[in-house]
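Below is one structure, written out as structure tokens; comments come after it.
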Amino acid sequence: MKIFNNWILALLFLQSLAIAEPAKPAEEKKAATPFEVSDNEVKMPGVTVNRETHEIRIEAAVCLQQGILEYVVCKPGTFEHEAIFTTTAKPELIHAALLLSGIRPTPLPRNSPVLWWGRALKQKASRVKIEVEWKEGENTKRINLIKMLQSREDIEEEDAPAKKLQDAWVFAGSFLHQNEQSKKPIYAANLSGIIVGIWPDPSTVIQYGIENGNPYEGNRLGIEINENLVPEVGTKVNLIFSRLEALPRKDEE
């Protein structure tokens with residue numbers, strides 16, 4: 001029943017976006033990559049959902065190896081100077097994949113995130129685990145995304161280890177933005193290009209759930225890249241999203 005409900009939610013979400021999208025030429029519709037559904041997987045352009053493990057795989061590439069972060073994953077041509085990865089996968093499809101995997105959004109308020117910080121982490125069904133997988137020679141490496149980040153919080157000694165960050169990703173789910181001309185709703189993350197964010201932005205799909213301050217207002221505020229663990233710029237990776245508290249496998253339900 002849970003799987004059926006997840007499908008209904010995802011299909012309703014995609015249907016609402018299909019209604020909102022402007023009409024496309026027949027040639028473009030024909031060229032669009034169709035969704036593929038098998039017993040084990042649901043494949044969308046750039047996004048794959050494993051129906052047994054509930055894991056979501058997103059094709060991405062490294063765009064930054066050192067520096068301050070305001071985002072982690074974005075679309076090309078947006079925030080590559082302050083994010084680690086870019087992906088051409090549509091944010092709306094990532095949203096649908098998260099719904100299919102049984103993860104529920106806890107929206108970030110558009111007016112103020114202050115109340116959201118404390119509430120979001122308590123929503124177990126919204127918590128997301130993010131891992132990064134890539135090839136290094138003949139070996140495949142897979143690590144938790146949080147290890148690629150480090151806090152810039154004040155420490156007593158310069159040589160002391162940076163504060164360990166909490167694994168606190170939350171499916172915020174962006175929002176529907178009304179186009180002023182057409183008066184039709186558009187998925188906001190499709191416009192902003194923000195898929196995984198640290199700086200609070202209501203358009204992001206997945207938001208870091210702990211406030212870390214503005215990195216441009218202090219040397220030890222915010223989050224930066226742990227460059228020792230991020231592969232070279234241009235490296236192709238898979239971003240793997242799953243519920244932080246794993247759902248039962250298909251064969252266990």
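Order determines the names: the first chain of the structure tokens is A, the second B, and so forth; residues in each chain are numbered 1 upward, and ligands are numbered 1 upward as they are shown.
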Output as CSV one row per residue of stretch 83-177 of chain A within 12 Å of stretch 38-43 of chain A: the closest atom pair and its distance in Å to one decimal place, counting only C-alpha atoms, sorted by chain and residue number ascending.
residue,atom,partner,partner_atom,distance
A:Ala89,CA,A:Lys43,CA,11.6
A:Leu93,CA,A:Lys43,CA,10.1
A:Ile94,CA,A:Lys43,CA,11.2
A:Ala96,CA,A:Val42,CA,10.9
A:Ala97,CA,A:Val42,CA,8.6
A:Leu98,CA,A:Val42,CA,11.8
A:Leu100,CA,A:Val42,CA,9.2
A:Ser101,CA,A:Val42,CA,10.5
Who sits within 10 Å of A:Ala125, only C-alpha atoms, same chain under 4 positions skipped, as a list in words | Gly102, Ile103, Arg104, Pro105, Thr106, Ala120, Leu121, Val170, Phe171, Arg243, Leu244, Glu245, Ala246 and Leu247 of chain A
Within stretch 30-228 of chain A, find each residue whose DSSP state, derived from the backbone, is helix (DSSP H, G or I), and express the selection as a ChimeraX atom specification.
-> /A:30-31,80-82,91-100,114-120,124-126,145-148,188-192
Stretch 71-169 of chain A near stretch 63-66 of chain A within 10 Å: what's each residue's closest atom pair and its distance in Å to one decimal, counting only C-alpha atoms, ordered by chain then ascending residue number, as JSON lines?
{"residue": "A:Val72", "atom": "CA", "partner": "A:Leu64", "partner_atom": "CA", "distance": 9.6}
{"residue": "A:Val73", "atom": "CA", "partner": "A:Cys63", "partner_atom": "CA", "distance": 9.4}
{"residue": "A:Cys74", "atom": "CA", "partner": "A:Cys63", "partner_atom": "CA", "distance": 9.8}
{"residue": "A:Pro76", "atom": "CA", "partner": "A:Cys63", "partner_atom": "CA", "distance": 9.1}
{"residue": "A:Phe79", "atom": "CA", "partner": "A:Cys63", "partner_atom": "CA", "distance": 9.6}
{"residue": "A:Glu80", "atom": "CA", "partner": "A:Cys63", "partner_atom": "CA", "distance": 6.0}
{"residue": "A:His81", "atom": "CA", "partner": "A:Leu64", "partner_atom": "CA", "distance": 6.9}
{"residue": "A:Glu82", "atom": "CA", "partner": "A:Leu64", "partner_atom": "CA", "distance": 7.4}
{"residue": "A:Ala83", "atom": "CA", "partner": "A:Leu64", "partner_atom": "CA", "distance": 6.5}
{"residue": "A:Ile84", "atom": "CA", "partner": "A:Leu64", "partner_atom": "CA", "distance": 4.8}
{"residue": "A:Phe85", "atom": "CA", "partner": "A:Cys63", "partner_atom": "CA", "distance": 5.3}
{"residue": "A:Thr86", "atom": "CA", "partner": "A:Cys63", "partner_atom": "CA", "distance": 6.4}
{"residue": "A:Thr87", "atom": "CA", "partner": "A:Cys63", "partner_atom": "CA", "distance": 9.9}
{"residue": "A:Met148", "atom": "CA", "partner": "A:Gln65", "partner_atom": "CA", "distance": 9.6}
{"residue": "A:Leu149", "atom": "CA", "partner": "A:Gln66", "partner_atom": "CA", "distance": 10.0}
So that I have them on file, write out the residues from the current selection with C-alpha atoms, as an mmCIF file, in the first residue's frame.
data_model
loop_
_atom_site.group_PDB
_atom_site.id
_atom_site.type_symbol
_atom_site.label_atom_id
_atom_site.label_comp_id
_atom_site.auth_asym_id
_atom_site.auth_seq_id
_atom_site.Cartn_x
_atom_site.Cartn_y
_atom_site.Cartn_z
ATOM 1 C CA VAL A 72 26.224 21.527 -3.092
ATOM 2 C CA VAL A 73 24.429 20.462 -6.283
ATOM 3 C CA CYS A 74 23.170 22.821 -8.997
ATOM 4 C CA PRO A 76 25.084 23.971 -15.142
ATOM 5 C CA PHE A 79 26.180 28.385 -9.057
ATOM 6 C CA GLU A 80 29.272 26.387 -10.068
ATOM 7 C CA HIS A 81 31.497 28.868 -8.181
ATOM 8 C CA GLU A 82 29.943 27.863 -4.836
ATOM 9 C CA ALA A 83 28.758 24.261 -5.335
ATOM 10 C CA ILE A 84 30.636 20.943 -5.664
ATOM 11 C CA PHE A 85 28.538 19.206 -8.324
ATOM 12 C CA THR A 86 26.471 20.012 -11.379
ATOM 13 C CA THR A 87 23.810 17.805 -12.921
ATOM 14 C CA MET A 148 33.276 16.179 1.724
ATOM 15 C CA LEU A 149 32.192 19.193 3.774
#
Go ahead and compute the interatomic distance for atom CA of A:Ser174 and atom CA of A:Ser203, in Å to one decimal.
-> 4.2 Å
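Residue nearest A:Lys122, chosen from A:Val37, A:Val230, A:Val205, A:Ile210 and counting only C-alpha atoms: A:Ile210.
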Could you list, with a cut-off of 10 Å and counting only C-alpha atoms, the residues of stretch 154-236 of chain A near stretch 133-141 of chain A, each shown with its nearest atom pair and the distance in Å rounded to one decimal, rows sorted by chain and ascending number, as a Markdown table?
| residue | atom | partner | partner_atom | distance |
| --- | --- | --- | --- | --- |
| A:Pro231 | CA | A:Trp134 | CA | 8.5 |
| A:Thr235 | CA | A:Trp134 | CA | 7.7 |
| A:Lys236 | CA | A:Trp134 | CA | 6.6 |
Taking the backbone alone, and naming residues the way the document does, which bits of stretch 95-252 of chain A are strand (DSSP E or B) by DSSP, as an MDAnalysis selection string?
-> chainID A and resid 127:136 139:144 149:151 169:171 176:178 185:187 194:197 206:208 223:225 236:243
Filtering to C-alpha atoms, could you give me those residues as a PDB file, in the first residue's frame?
ATOM      1  CA  ARG A 127      15.481  13.248   6.173  1.00  0.00           C
ATOM      2  CA  VAL A 128      17.758  12.315   3.255  1.00  0.00           C
ATOM      3  CA  LYS A 129      21.067  10.476   3.146  1.00  0.00           C
ATOM      4  CA  ILE A 130      23.345  11.565   0.280  1.00  0.00           C
ATOM      5  CA  GLU A 131      26.335   9.541  -0.908  1.00  0.00           C
ATOM      6  CA  VAL A 132      28.816  10.098  -3.733  1.00  0.00           C
ATOM      7  CA  GLU A 133      30.150   7.311  -5.934  1.00  0.00           C
ATOM      8  CA  TRP A 134      32.861   7.527  -8.598  1.00  0.00           C
ATOM      9  CA  LYS A 135      35.547   5.523 -10.362  1.00  0.00           C
ATOM     10  CA  GLU A 136      39.167   5.935  -9.303  1.00  0.00           C
ATOM     11  CA  ASN A 139      38.218   0.921  -8.050  1.00  0.00           C
ATOM     12  CA  THR A 140      34.822   2.352  -7.203  1.00  0.00           C
ATOM     13  CA  LYS A 141      34.732   4.776  -4.274  1.00  0.00           C
ATOM     14  CA  ARG A 142      31.564   5.580  -2.334  1.00  0.00           C
ATOM     15  CA  ILE A 143      31.443   7.974   0.622  1.00  0.00           C
ATOM     16  CA  ASN A 144      28.879   9.982   2.528  1.00  0.00           C
ATOM     17  CA  LEU A 149      32.192  19.193   3.774  1.00  0.00           C
ATOM     18  CA  GLN A 150      33.729  20.874   6.814  1.00  0.00           C
ATOM     19  CA  SER A 151      32.527  23.512   9.236  1.00  0.00           C
ATOM     20  CA  TRP A 169      19.809  16.897   4.742  1.00  0.00           C
ATOM     21  CA  VAL A 170      16.059  17.541   4.475  1.00  0.00           C
ATOM     22  CA  PHE A 171      13.766  17.147   1.454  1.00  0.00           C
ATOM     23  CA  LEU A 176       5.492  26.182  -7.459  1.00  0.00           C
ATOM     24  CA  HIS A 177       6.172  29.677  -8.808  1.00  0.00           C
ATOM     25  CA  GLN A 178       3.479  31.421 -10.854  1.00  0.00           C
ATOM     26  CA  PRO A 185       2.846  27.406 -12.044  1.00  0.00           C
ATOM     27  CA  ILE A 186       6.495  26.482 -12.621  1.00  0.00           C
ATOM     28  CA  TYR A 187       8.635  24.339 -10.314  1.00  0.00           C
ATOM     29  CA  ILE A 194      19.395  24.685  -6.891  1.00  0.00           C
ATOM     30  CA  ILE A 195      19.068  20.983  -6.127  1.00  0.00           C
ATOM     31  CA  VAL A 196      20.995  20.613  -2.853  1.00  0.00           C
ATOM     32  CA  GLY A 197      21.565  23.777  -0.827  1.00  0.00           C
ATOM     33  CA  ILE A 206      17.070  19.376  -0.634  1.00  0.00           C
ATOM     34  CA  GLN A 207      18.215  21.779   2.107  1.00  0.00           C
ATOM     35  CA  TYR A 208      20.832  21.434   4.857  1.00  0.00           C
ATOM     36  CA  ILE A 223      30.681  25.477   5.423  1.00  0.00           C
ATOM     37  CA  GLU A 224      33.534  24.841   3.005  1.00  0.00           C
ATOM     38  CA  ILE A 225      34.821  21.950   0.911  1.00  0.00           C
ATOM     39  CA  LYS A 236      31.839  12.012 -13.355  1.00  0.00           C
ATOM     40  CA  VAL A 237      29.987  10.829 -10.255  1.00  0.00           C
ATOM     41  CA  ASN A 238      26.718   9.311  -9.176  1.00  0.00           C
ATOM     42  CA  LEU A 239      24.892  11.067  -6.361  1.00  0.00           C
ATOM     43  CA  ILE A 240      22.901   8.525  -4.363  1.00  0.00           C
ATOM     44  CA  PHE A 241      19.890   9.751  -2.408  1.00  0.00           C
ATOM     45  CA  SER A 242      18.017   7.588   0.084  1.00  0.00           C
ATOM     46  CA  ARG A 243      15.919   7.989   3.184  1.00  0.00           C
TER      47      ARG A 243
END
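Between A:Gly222 and the candidates A:Glu153, A:Glu59, A:Asp201, A:Glu92, the tightest atom-to-atom separation, counting only C-alpha atoms, involves A:Glu153.
As for atom CA of A:Thr53 and atom CA of A:Leu99, they are spaced 14.1 Å apart.
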Shell of 12 Å around A:Gly218, only C-alpha atoms, local chain residues under 6 positions omitted, as a ChimeraX atom specification = /A:68,152-154,212
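The smallest atom-to-atom distance between A:Asn190 and any of A:Gly209, A:Glu52, A:Pro91, A:Glu36, using only C-alpha atoms, is found for A:Pro91.
Computed from the coordinates, the atom CA of A:Gly67 to atom CA of A:Glu227 distance equals 8.3 Å.
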